[in-house]
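Source file upload-v2.tsv; content: TSV, C-alpha atoms.
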```tsv
chain	number	residue	atom	x	y	z
A	218	MET	CA	69.44	-20.36	170.56
A	219	ALA	CA	72.19	-21.48	172.90
A	220	GLU	CA	74.81	-20.00	170.58
A	221	VAL	CA	72.92	-16.69	170.43
A	222	HIS	CA	72.66	-16.63	174.21
A	223	SER	CA	76.37	-17.40	174.53
A	224	GLY	CA	77.20	-14.64	172.07
A	225	ASN	CA	75.06	-12.12	173.97
A	226	GLN	CA	76.71	-13.20	177.21
A	227	LYS	CA	80.19	-12.66	175.76
A	228	SER	CA	79.10	-9.30	174.37
A	229	GLY	CA	77.80	-8.28	177.81
A	230	THR	CA	81.02	-9.40	179.46
A	231	GLY	CA	83.08	-7.45	176.93
A	232	SER	CA	80.97	-4.35	177.52
A	233	GLN	CA	81.41	-4.64	181.30
A	234	LEU	CA	85.16	-5.13	180.85
A	235	MET	CA	85.37	-1.95	178.76
A	236	THR	CA	83.34	-0.06	181.36
A	237	LEU	CA	85.56	-1.23	184.23
A	238	SER	CA	88.69	-0.40	182.20
A	239	ALA	CA	87.36	3.12	181.53
A	240	LEU	CA	86.49	3.46	185.23
A	241	TYR	CA	90.09	2.66	186.17
A	242	LEU	CA	91.40	4.97	183.46
A	243	PHE	CA	89.58	8.00	184.87
A	244	ILE	CA	89.96	7.19	188.56
A	245	TYR	CA	93.71	7.02	188.12
A	246	TYR	CA	93.71	9.99	185.75
A	247	GLY	CA	92.41	11.96	188.71
A	248	LEU	CA	95.00	10.50	191.06
A	249	GLY	CA	97.72	11.06	188.45
A	250	ALA	CA	96.75	14.73	188.15
A	251	PHE	CA	96.80	15.15	191.92
A	252	THR	CA	99.46	13.03	193.64
A	253	PRO	CA	102.67	13.60	191.61
A	254	LEU	CA	102.16	17.37	191.31
A	255	ILE	CA	100.59	18.38	194.63
A	256	THR	CA	104.02	19.42	195.93
A	257	GLN	CA	104.01	22.17	193.27
A	258	TYR	CA	100.97	23.62	195.04
A	259	TYR	CA	102.74	23.31	198.40
A	260	LYS	CA	105.78	25.02	196.92
A	261	SER	CA	103.64	27.88	195.55
A	262	ILE	CA	102.32	28.66	199.05
A	263	ASP	CA	105.79	28.33	200.63
A	264	LEU	CA	105.34	25.29	202.86
A	265	SER	CA	108.42	23.75	204.50
A	266	GLY	CA	109.53	20.15	204.11
A	267	THR	CA	108.23	19.27	207.58
A	268	GLN	CA	104.85	20.87	206.80
A	269	ILE	CA	104.64	18.96	203.52
A	270	GLY	CA	105.48	15.76	205.39
A	271	LEU	CA	102.75	16.43	207.96
A	272	ILE	CA	100.10	17.13	205.31
A	273	SER	CA	101.18	14.13	203.25
A	274	ALA	CA	100.85	11.98	206.37
A	275	VAL	CA	97.20	12.97	206.84
A	276	THR	CA	95.85	10.60	204.18
A	277	PRO	CA	97.66	7.59	205.64
A	278	ILE	CA	96.56	8.45	209.19
A	279	VAL	CA	92.94	8.85	208.09
A	280	SER	CA	93.16	5.69	205.97
A	281	ILE	CA	94.16	3.57	208.95
A	282	VAL	CA	90.73	4.27	210.42
A	283	THR	CA	88.50	4.90	207.41
A	284	GLN	CA	89.63	2.22	204.94
A	285	PRO	CA	88.71	-0.69	207.22
A	286	LEU	CA	85.42	1.08	208.02
A	287	TRP	CA	84.60	1.56	204.33
A	288	GLY	CA	85.49	-2.09	203.77
A	289	MET	CA	83.32	-3.29	206.64
A	290	ILE	CA	80.36	-1.25	205.37
A	291	CYS	CA	80.77	-2.71	201.88
A	292	ASP	CA	81.11	-6.28	203.13
A	293	LYS	CA	78.19	-6.10	205.58
A	294	PHE	CA	75.67	-4.23	203.43
A	295	GLN	CA	76.96	-5.11	199.93
A	296	ILE	CA	76.83	-1.50	198.68
A	297	ARG	CA	80.23	-1.24	197.00
A	298	LYS	CA	78.96	0.71	194.02
A	299	GLY	CA	77.09	3.26	196.18
A	300	VAL	CA	80.11	3.78	198.42
A	301	LEU	CA	82.37	4.30	195.41
A	302	VAL	CA	79.99	6.88	193.84
A	303	LEU	CA	79.92	8.81	197.12
A	304	ALA	CA	83.70	8.65	197.49
A	305	LEU	CA	84.38	9.84	193.93
A	306	LEU	CA	81.95	12.77	194.00
A	307	ALA	CA	82.82	13.98	197.51
A	308	SER	CA	86.56	13.68	196.90
A	309	GLY	CA	86.36	15.63	193.65
A	310	LEU	CA	84.26	18.42	195.18
A	311	VAL	CA	86.59	18.83	198.16
A	312	GLY	CA	89.51	19.05	195.72
A	313	LEU	CA	87.93	22.12	194.11
A	314	LEU	CA	88.28	24.02	197.41
A	315	PHE	CA	92.11	23.89	197.50
A	316	PRO	CA	92.80	26.87	195.19
A	317	ALA	CA	90.90	29.08	197.65
A	318	VAL	CA	93.25	28.39	200.59
A	319	SER	CA	96.92	29.18	201.08
A	320	THR	CA	97.74	28.63	204.77
A	321	PHE	CA	99.09	25.49	206.36
A	322	ALA	CA	96.18	25.09	208.81
A	323	PHE	CA	93.46	25.32	206.15
A	324	VAL	CA	95.34	23.05	203.74
A	325	LEU	CA	95.72	20.49	206.53
A	326	LEU	CA	91.98	20.68	207.30
A	327	LEU	CA	90.95	20.28	203.66
A	328	TYR	CA	93.38	17.44	203.11
A	329	THR	CA	91.95	15.61	206.11
A	330	LEU	CA	88.41	15.90	204.72
A	331	LEU	CA	89.60	14.85	201.25
A	332	SER	CA	91.34	11.81	202.71
A	333	VAL	CA	88.18	10.47	204.36
A	334	PHE	CA	86.55	9.97	200.96
A	335	GLN	CA	89.68	9.33	198.90
A	336	SER	CA	90.61	6.41	201.14
A	337	ALA	CA	87.63	4.40	199.87
A	338	ILE	CA	88.34	4.75	196.16
A	339	VAL	CA	91.17	2.27	195.57
A	340	PRO	CA	90.13	-0.66	197.82
A	341	VAL	CA	86.47	-0.55	196.76
A	342	SER	CA	87.22	-0.26	193.04
A	343	ASP	CA	89.80	-3.06	193.37
A	344	SER	CA	87.23	-5.25	195.09
A	345	ILE	CA	84.73	-4.73	192.26
A	346	ALA	CA	87.36	-5.44	189.59
A	347	LEU	CA	88.78	-8.47	191.42
A	348	GLY	CA	85.29	-9.95	191.70
A	349	PHE	CA	84.70	-9.41	187.98
A	350	ALA	CA	88.09	-10.91	187.09
A	351	LYS	CA	87.47	-14.01	189.18
A	352	LYS	CA	83.94	-14.51	187.87
A	353	HIS	CA	85.08	-14.33	184.23
A	354	ASN	CA	88.45	-16.08	184.73
A	355	MET	CA	90.51	-13.01	183.80
A	356	ALA	CA	93.73	-11.53	185.17
A	357	PHE	CA	93.16	-8.54	187.46
A	358	GLY	CA	96.20	-6.89	185.83
A	359	ASP	CA	94.32	-6.67	182.52
A	360	ILE	CA	91.90	-4.24	184.17
A	361	ARG	CA	94.29	-2.53	186.59
A	362	MET	CA	96.74	-1.63	183.81
A	363	TRP	CA	94.28	0.98	182.53
A	364	GLY	CA	94.76	2.78	185.81
A	365	ALA	CA	98.48	2.98	185.05
A	366	VAL	CA	97.67	4.42	181.62
A	367	GLY	CA	95.37	7.05	183.13
A	368	PHE	CA	97.91	7.98	185.81
A	369	ALA	CA	100.68	8.34	183.24
A	370	VAL	CA	98.71	10.50	180.80
A	371	ALA	CA	97.35	12.68	183.61
A	372	ALA	CA	100.77	13.38	185.11
A	373	PHE	CA	102.10	14.43	181.70
A	374	VAL	CA	99.12	16.57	180.65
A	375	THR	CA	98.63	18.15	184.06
A	376	GLY	CA	102.35	18.91	184.32
A	377	LEU	CA	102.08	20.95	181.12
A	378	LEU	CA	98.93	22.67	182.39
A	379	VAL	CA	100.55	23.54	185.72
A	380	GLN	CA	103.63	24.97	184.03
A	381	ARG	CA	101.42	27.20	181.87
A	382	TRP	CA	98.50	28.15	184.14
A	383	GLY	CA	99.64	27.33	187.66
A	384	PRO	CA	98.92	24.74	190.39
A	385	SER	CA	95.13	25.30	190.38
A	386	MET	CA	95.00	23.10	187.25
A	387	ILE	CA	95.81	20.13	189.50
A	388	PHE	CA	92.47	20.39	191.26
A	389	TYR	CA	90.33	21.14	188.21
A	390	SER	CA	91.78	18.11	186.42
A	391	TYR	CA	91.23	15.97	189.50
A	392	PHE	CA	87.56	16.93	189.81
A	393	LEU	CA	86.72	16.45	186.14
A	394	ALA	CA	88.39	13.03	185.98
A	395	LEU	CA	86.51	11.70	189.03
A	396	LEU	CA	83.23	13.09	187.68
A	397	VAL	CA	83.74	11.18	184.41
A	398	ALA	CA	84.65	8.06	186.44
A	399	VAL	CA	81.22	8.23	188.14
A	400	LEU	CA	79.55	8.18	184.72
A	401	PHE	CA	81.41	4.99	183.80
A	402	LEU	CA	80.59	3.44	187.17
A	403	ARG	CA	76.84	3.70	186.62
A	404	PRO	CA	76.57	0.73	184.20
A	405	VAL	CA	78.61	-1.53	186.49
A	406	PRO	CA	76.34	-4.17	188.10
A	407	GLU	CA	75.61	-3.59	191.78
A	408	GLU	CA	76.71	-7.15	192.55
A	409	VAL	CA	79.73	-7.88	190.37
A	410	GLU	CA	80.48	-10.85	192.61
A	411	SER	CA	78.21	-12.25	195.25
A	412	ALA	CA	79.92	-12.65	198.58
A	413	PRO	CA	78.68	-14.52	201.64
A	414	LYS	CA	76.99	-12.35	204.24
A	415	LEU	CA	78.98	-11.70	207.37
A	416	GLN	CA	77.79	-13.85	210.22
A	417	ALA	CA	79.48	-11.88	212.99
A	418	GLY	CA	80.28	-8.31	213.89
A	419	VAL	CA	82.58	-6.34	211.65
A	420	LEU	CA	85.26	-6.06	214.33
A	421	ARG	CA	85.23	-9.85	214.60
A	422	GLY	CA	86.13	-9.93	210.89
A	423	VAL	CA	89.28	-7.89	211.49
A	424	LYS	CA	90.28	-10.17	214.37
A	425	ASP	CA	89.74	-13.20	212.15
A	426	LEU	CA	92.00	-11.77	209.45
A	427	LEU	CA	94.73	-11.04	211.97
A	428	ARG	CA	94.86	-14.75	212.86
A	429	LEU	CA	96.26	-15.59	209.42
A	430	PRO	CA	100.12	-15.62	209.57
A	431	ARG	CA	100.68	-15.14	205.84
A	432	PHE	CA	98.31	-12.18	205.76
A	433	ILE	CA	100.01	-10.55	208.76
A	434	LEU	CA	103.46	-10.97	207.18
A	435	PHE	CA	102.15	-9.48	203.96
A	436	LEU	CA	100.80	-6.47	205.87
A	437	ILE	CA	104.26	-5.92	207.37
A	438	ALA	CA	105.85	-6.11	203.91
A	439	ALA	CA	103.25	-3.65	202.57
A	440	PHE	CA	104.09	-1.23	205.40
A	441	PHE	CA	107.68	-0.94	204.18
A	442	ILE	CA	107.45	-1.50	200.41
A	443	PHE	CA	104.11	0.10	199.55
A	444	GLY	CA	104.76	2.92	202.02
A	445	SER	CA	107.93	4.03	200.21
A	446	VAL	CA	106.32	3.60	196.78
A	447	ASN	CA	103.49	5.95	197.73
A	448	ALA	CA	105.80	8.42	199.45
A	449	ASN	CA	107.88	8.59	196.26
A	450	ASN	CA	104.79	9.82	194.40
A	451	VAL	CA	104.74	12.84	196.73
A	452	TRP	CA	108.46	13.63	196.86
A	453	PHE	CA	109.61	12.76	193.35
A	454	SER	CA	108.49	16.11	191.91
A	455	LEU	CA	110.83	18.03	194.23
A	456	TYR	CA	113.56	15.39	193.83
A	457	TYR	CA	113.46	15.61	190.04
A	458	GLN	CA	113.84	19.39	190.14
A	459	GLU	CA	116.64	19.00	192.68
A	460	ILE	CA	118.69	16.95	190.19
A	461	GLY	CA	118.09	19.48	187.40
A	462	GLY	CA	114.64	18.76	185.96
A	463	SER	CA	111.65	21.05	185.28
A	464	VAL	CA	107.97	20.89	186.26
A	465	ALA	CA	107.04	19.79	182.73
A	466	GLY	CA	109.84	17.23	183.00
A	467	VAL	CA	108.12	15.78	186.07
A	468	GLY	CA	105.07	15.16	183.88
A	469	VAL	CA	107.21	13.48	181.23
A	470	ALA	CA	108.86	11.32	183.90
A	471	PHE	CA	105.53	10.14	185.30
A	472	LEU	CA	104.24	9.56	181.77
A	473	LEU	CA	107.13	7.16	181.19
A	474	PHE	CA	107.11	5.66	184.69
A	475	ALA	CA	103.39	5.04	185.08
A	476	GLY	CA	103.09	4.20	181.37
A	477	SER	CA	105.61	1.40	181.84
A	478	GLU	CA	103.42	-0.10	184.56
A	479	ALA	CA	100.66	-1.10	182.12
A	480	PRO	CA	102.63	-3.63	180.01
A	481	PHE	CA	104.24	-5.11	183.11
A	482	MET	CA	100.82	-5.49	184.74
A	483	LYS	CA	99.85	-7.37	181.60
A	484	LEU	CA	102.97	-9.53	181.95
A	485	ALA	CA	102.36	-10.14	185.66
A	486	GLY	CA	99.99	-13.01	184.93
A	487	PHE	CA	102.70	-14.82	182.94
A	488	PHE	CA	105.26	-14.44	185.74
A	489	VAL	CA	102.75	-15.55	188.37
A	490	ARG	CA	101.97	-18.69	186.38
A	491	ARG	CA	105.66	-19.40	185.86
A	492	TRP	CA	107.13	-18.38	189.24
A	493	GLY	CA	104.16	-18.03	191.59
A	494	LEU	CA	102.80	-14.99	193.41
A	495	GLU	CA	105.46	-14.89	196.14
A	496	LEU	CA	108.50	-14.81	193.84
A	497	THR	CA	106.88	-12.25	191.53
A	498	ILE	CA	106.19	-9.94	194.48
A	499	LEU	CA	109.74	-10.51	195.79
A	500	LEU	CA	111.13	-9.47	192.40
A	501	ALA	CA	109.06	-6.27	192.50
A	502	GLY	CA	110.23	-5.41	196.02
A	503	GLY	CA	113.88	-6.15	195.25
A	504	VAL	CA	113.90	-3.93	192.16
A	505	SER	CA	112.24	-1.14	194.21
A	506	ALA	CA	115.01	-1.28	196.82
A	507	VAL	CA	117.76	-1.07	194.17
A	508	ARG	CA	115.96	1.81	192.47
A	509	TRP	CA	115.76	3.95	195.62
A	510	PHE	CA	119.42	3.35	196.51
A	511	TRP	CA	120.38	4.37	192.96
A	512	TYR	CA	118.31	7.55	193.16
A	513	SER	CA	120.23	8.54	196.30
A	514	THR	CA	123.46	8.68	194.26
A	515	GLU	CA	122.14	11.73	192.29
A	516	PRO	CA	121.92	10.26	188.77
A	517	SER	CA	121.28	12.59	185.84
A	518	THR	CA	117.72	13.29	184.73
A	519	THR	CA	118.60	11.60	181.44
A	520	ALA	CA	119.57	8.38	183.24
A	521	VAL	CA	116.42	8.49	185.39
A	522	LEU	CA	114.23	8.83	182.31
A	523	ALA	CA	116.21	6.26	180.31
A	524	LEU	CA	115.60	3.61	182.99
A	525	PHE	CA	111.90	4.42	183.23
A	526	PHE	CA	110.96	0.73	182.82
A	527	VAL	CA	112.35	-0.02	186.30
A	528	GLN	CA	109.08	1.41	187.65
A	529	GLY	CA	107.16	-1.01	185.47
A	530	ILE	CA	109.00	-3.99	186.96
A	531	SER	CA	108.78	-2.81	190.56
A	532	VAL	CA	105.46	-1.01	190.86
A	533	GLY	CA	103.62	-2.67	187.95
A	534	PHE	CA	104.31	-6.19	189.16
A	535	TYR	CA	103.57	-5.27	192.76
A	536	LEU	CA	100.23	-3.56	192.10
A	537	ALA	CA	99.03	-6.35	189.81
A	538	THR	CA	99.87	-9.14	192.26
A	539	ALA	CA	99.50	-7.71	195.78
A	540	ALA	CA	95.69	-7.52	195.67
A	541	GLN	CA	95.59	-11.03	194.20
A	542	PHE	CA	97.73	-12.33	197.09
A	543	VAL	CA	95.35	-10.74	199.61
A	544	ARG	CA	92.36	-12.27	197.86
A	545	GLU	CA	93.83	-15.77	197.73
A	546	ASN	CA	94.93	-15.74	201.37
A	547	THR	CA	91.79	-14.41	203.06
A	548	PRO	CA	88.20	-15.68	203.40
A	549	ALA	CA	85.71	-14.79	200.65
A	550	SER	CA	83.32	-13.14	203.13
A	551	LEU	CA	85.99	-10.64	204.22
A	552	GLN	CA	87.50	-9.68	200.87
A	553	VAL	CA	86.86	-5.93	200.97
A	554	THR	CA	87.84	-5.72	204.64
A	555	ALA	CA	91.09	-7.57	203.90
A	556	LEU	CA	91.90	-5.27	200.99
A	557	ALA	CA	91.05	-2.24	203.10
A	558	LEU	CA	93.38	-3.45	205.86
A	559	PHE	CA	96.11	-4.03	203.30
A	560	PHE	CA	95.76	-0.49	201.94
A	561	SER	CA	95.42	1.07	205.39
A	562	VAL	CA	98.71	-0.50	206.50
A	563	GLY	CA	100.71	0.01	203.29
A	564	HIS	CA	98.91	2.97	201.72
A	565	GLY	CA	98.18	4.29	205.20
A	566	LEU	CA	100.52	3.61	208.09
A	567	GLY	CA	103.60	2.89	205.95
A	568	THR	CA	103.10	5.98	203.80
A	569	MET	CA	102.51	8.11	206.88
A	570	VAL	CA	105.81	7.06	208.46
A	571	CYS	CA	107.70	7.48	205.18
A	572	ASN	CA	106.25	10.94	204.47
A	573	LEU	CA	106.78	12.26	208.00
A	574	THR	CA	110.36	10.99	208.07
A	575	ALA	CA	111.04	12.26	204.54
A	576	GLY	CA	109.87	15.77	205.48
A	577	ILE	CA	112.22	15.87	208.46
A	578	ILE	CA	115.09	14.46	206.37
A	579	LYS	CA	114.53	17.13	203.68
A	580	ASP	CA	114.79	19.98	206.20
A	581	SER	CA	117.71	18.42	208.10
A	582	PHE	CA	119.71	16.79	205.29
A	583	SER	CA	118.79	16.66	201.59
A	584	MET	CA	116.42	15.25	198.97
A	585	LEU	CA	119.00	12.56	198.16
A	586	SER	CA	118.93	11.36	201.76
A	587	ILE	CA	115.19	10.77	201.44
A	588	TYR	CA	115.84	8.16	198.77
A	589	LEU	CA	118.56	6.50	200.81
A	590	PHE	CA	115.94	6.16	203.54
A	591	PHE	CA	113.42	4.69	201.05
A	592	GLY	CA	116.03	2.12	200.00
A	593	VAL	CA	116.63	0.96	203.58
A	594	VAL	CA	112.90	0.82	204.34
A	595	THR	CA	112.13	-1.23	201.22
A	596	THR	CA	114.95	-3.68	202.00
A	597	LEU	CA	113.36	-4.27	205.41
A	598	GLY	CA	110.10	-5.07	203.62
A	599	LEU	CA	111.75	-7.95	201.77
A	600	ILE	CA	112.25	-9.89	205.02
A	601	PRO	CA	108.56	-10.80	205.64
A	602	LEU	CA	108.19	-11.66	201.94
A	603	LEU	CA	111.09	-14.10	202.27
A	604	LEU	CA	109.40	-15.63	205.33
A	605	ILE	CA	106.18	-16.05	203.35
A	606	ARG	CA	108.03	-17.81	200.54
A	607	TYR	CA	110.56	-19.87	202.49
A	608	GLY	CA	109.44	-19.78	206.14
A	609	PRO	CA	107.14	-22.11	208.09
A	610	TRP	CA	104.04	-20.50	206.56
A	611	LYS	CA	104.78	-21.36	202.94
A	612	GLN	CA	101.25	-22.69	202.56
A	613	GLN	CA	98.03	-21.54	204.13
A	614	THR	CA	95.67	-24.46	204.47
A	615	GLU	CA	92.04	-24.38	203.45
A	616	GLU	CA	91.21	-25.25	207.05
A	617	GLN	CA	92.86	-22.00	208.23
A	618	LEU	CA	90.71	-19.97	205.85
A	619	GLN	CA	87.56	-21.92	206.75
A	620	SER	CA	88.17	-21.40	210.45
A	621	THR	CA	87.76	-17.64	209.97
A	622	GLN	CA	84.45	-17.94	208.14
```

Go through the file and emit its structure as structure tokens.
Amino acid sequence: MAEVHSGNQKSGTGSQLMTLSALYLFIYYGLGAFTPLITQYYKSIDLSGTQIGLISAVTPIVSIVTQPLWGMICDKFQIRKGVLVLALLASGLVGLLFPAVSTFAFVLLLYTLLSVFQSAIVPVSDSIALGFAKKHNMAFGDIRMWGAVGFAVAAFVTGLLVQRWGPSMIFYSYFLALLVAVLFLRPVPEEVESAPKLQAGVLRGVKDLLRLPRFILFLIAAFFIFGSVNANNVWFSLYYQEIGGSVAGVGVAFLLFAGSEAPFMKLAGFFVRRWGLELTILLAGGVSAVRWFWYSTEPSTTAVLALFFVQGISVGFYLATAAQFVRENTPASLQVTALALFFSVGHGLGTMVCNLTAGIIKDSFSMLSIYLFFGVVTTLGLIPLLLIRYGPWKQQTEEQLQSTQ
């Protein structure tokens, strides 16, 4: 009987793993249809570089406020699944409204509304997957890599659709992908991982997190490194056409780039075991900096595509390990809040600054100058990572974590 029970338990775990993998596949299919190609929509309605930068900065600005709030709600009331269902459905429905507008003011308004719900998707889904991975002694990268697969396929397929039928295909693809993601979310248990109830106010939780030196340094690094990575997703489409590529070629590029992330996410666990989290994240950040500086030299589209695996090393390693670092260096009762803060600083504040500056640089200088800027910004992000690895805060004691509980 024990063997039968064990077999059923393994079967249930395998089923949940497949469901979570499919959830990531379709969430990131939606994001892959939207983020890399949204500038084609902006281009079709004749927005300037500064206007694109302002609109692209909306999501980060909103995220600074809403991501911690979503995280606090999830941590306090333990309703991660419900919040994620709401975020996916609302975000997809708002996306359907974009083809009906063509002026800067209305696009800005819609994007602001979209950002409120979209800001919850990544941190909440990561929290669910991280809890599952910890409970079943798995690597988070084994689940997260399916997001890279979805993003890659979506960018390629949607690029072809946009070239044939126009930018409206971005929003239809986005909506359908998030709708399917909701269907895969339904079988996910409400409590993938039980977390201690918060004993104090939610604002107290944020203050507690900001007393952890390693976490603060990591937020600073995320501001620079993750900010430029996300900004690249917005500007690469125009950059690639600037150096001689086509819209369909943008899809091919993202297919190769994001597709290379999956195997490196799988490899991340090996490098973490061999080198540790800090050195693996440093490697990812260093490769990112070199990549952006190289892009600023105007390489050929052939060379950019040929070295597609550079994205796997930089972004794949970073995405697979950053959330793990946050989890291991923050209290269990504040996990979603900590992840939300991480995304609001890197995905939010850092991306906002990078996008706003990139828009101004495009109008004043050139697309190549944007990537020179990304290279400098990413290099600055390596400094706090070096302090984490070699500075006075090399280790965070258990007492430090317990003191925030």

Tell me, counting only C-alpha atoms, for each residue of range 470-505 of chain A within 10 Å of range 247-261 of chain A, which pair of atoms is nearest and how far apart they are in Å to one decimal, in rows ordered by chain and increasing number, as a tab-separated table.
```
residue	atom	partner	partner_atom	distance
A:Phe471	CA	A:Pro253	CA	7.7
A:Leu472	CA	A:Gly249	CA	9.5
A:Ala475	CA	A:Gly249	CA	8.9
```

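Closest to Pro480 in chain A among A:Ile360, A:Leu396, A:Leu378, A:Val464 is A:Ile360, based on all atoms listed in the file.
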
Quiz item: Quick one: residues within 12 Å of Phe510 in chain A, only C-alpha atoms counted, chain neighbours fewer than 3 positions away excluded, as a list in words?
Solution: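 The neighbour list is Gly503, Val504, Ser505, Ala506, Val507, Ser513, Thr514, Glu515, Pro516, Leu585, Ser586, Ile587, Tyr588, Leu589, Phe590, Phe591, Gly592, Val593, Val594, Thr595 and Thr596 of chain A.
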
Quiz item: So how far away is CA of Gly270 in chain A from CA of Val543 in chain A, in Å?
Solution: 29.0 Å

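In terms of minimum interatomic distance to Val318 in chain A, A:Ser385 ranks closest within A:Thr574, A:Thr267, A:Gln528, A:Ser385, counting all atoms listed in the file.
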
All file atoms of range 575-585 of chain A boxed axis-aligned, 5 Å per side, centre plus edges, as AutoDock Vina command-line options:
```
--center_x 114.8 --center_y 16.1 --center_z 203.3 --size_x 19.8 --size_y 17.7 --size_z 20.3
```

Practice problem: Would you please work out which residue, of A:Val339, A:Met362, A:Ala439, A:Ala394, is nearest to Leu499 in chain A when using all atoms listed in the file? | Solution: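 Smallest separation from Leu499 in chain A among the options: A:Ala439.
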
Practice problem: Figure out the distance between CA of Leu566 in chain A and CA of Val300 in chain A, please, to one decimal in Å. | Solution: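 Interatomic distance, CA of Val300 in chain A to CA of Leu566 in chain A: 22.6 Å.
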
Practice problem: Pick out the closest residue to Trp511 in chain A from this set: A:Val527, A:Ala485, A:Val275, A:Val423. Count all atoms listed in the file. | Solution: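 Using all atoms listed in the file, the shortest distance to Trp511 in chain A belongs to A:Val527.
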
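Of the listed residues A:Leu305, A:Ala470, A:Ala523, A:Leu602, the one whose atoms come nearest to Ile437 in chain A is A:Leu602, with distances taken using only C-alpha atoms.
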
Quiz item: Can you tell me how far CA of Phe435 in chain A sits from CA of Ala555 in chain A, in Å to one decimal?
Solution: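 Going from CA of Phe435 in chain A over to CA of Ala555 in chain A covers 11.2 Å.
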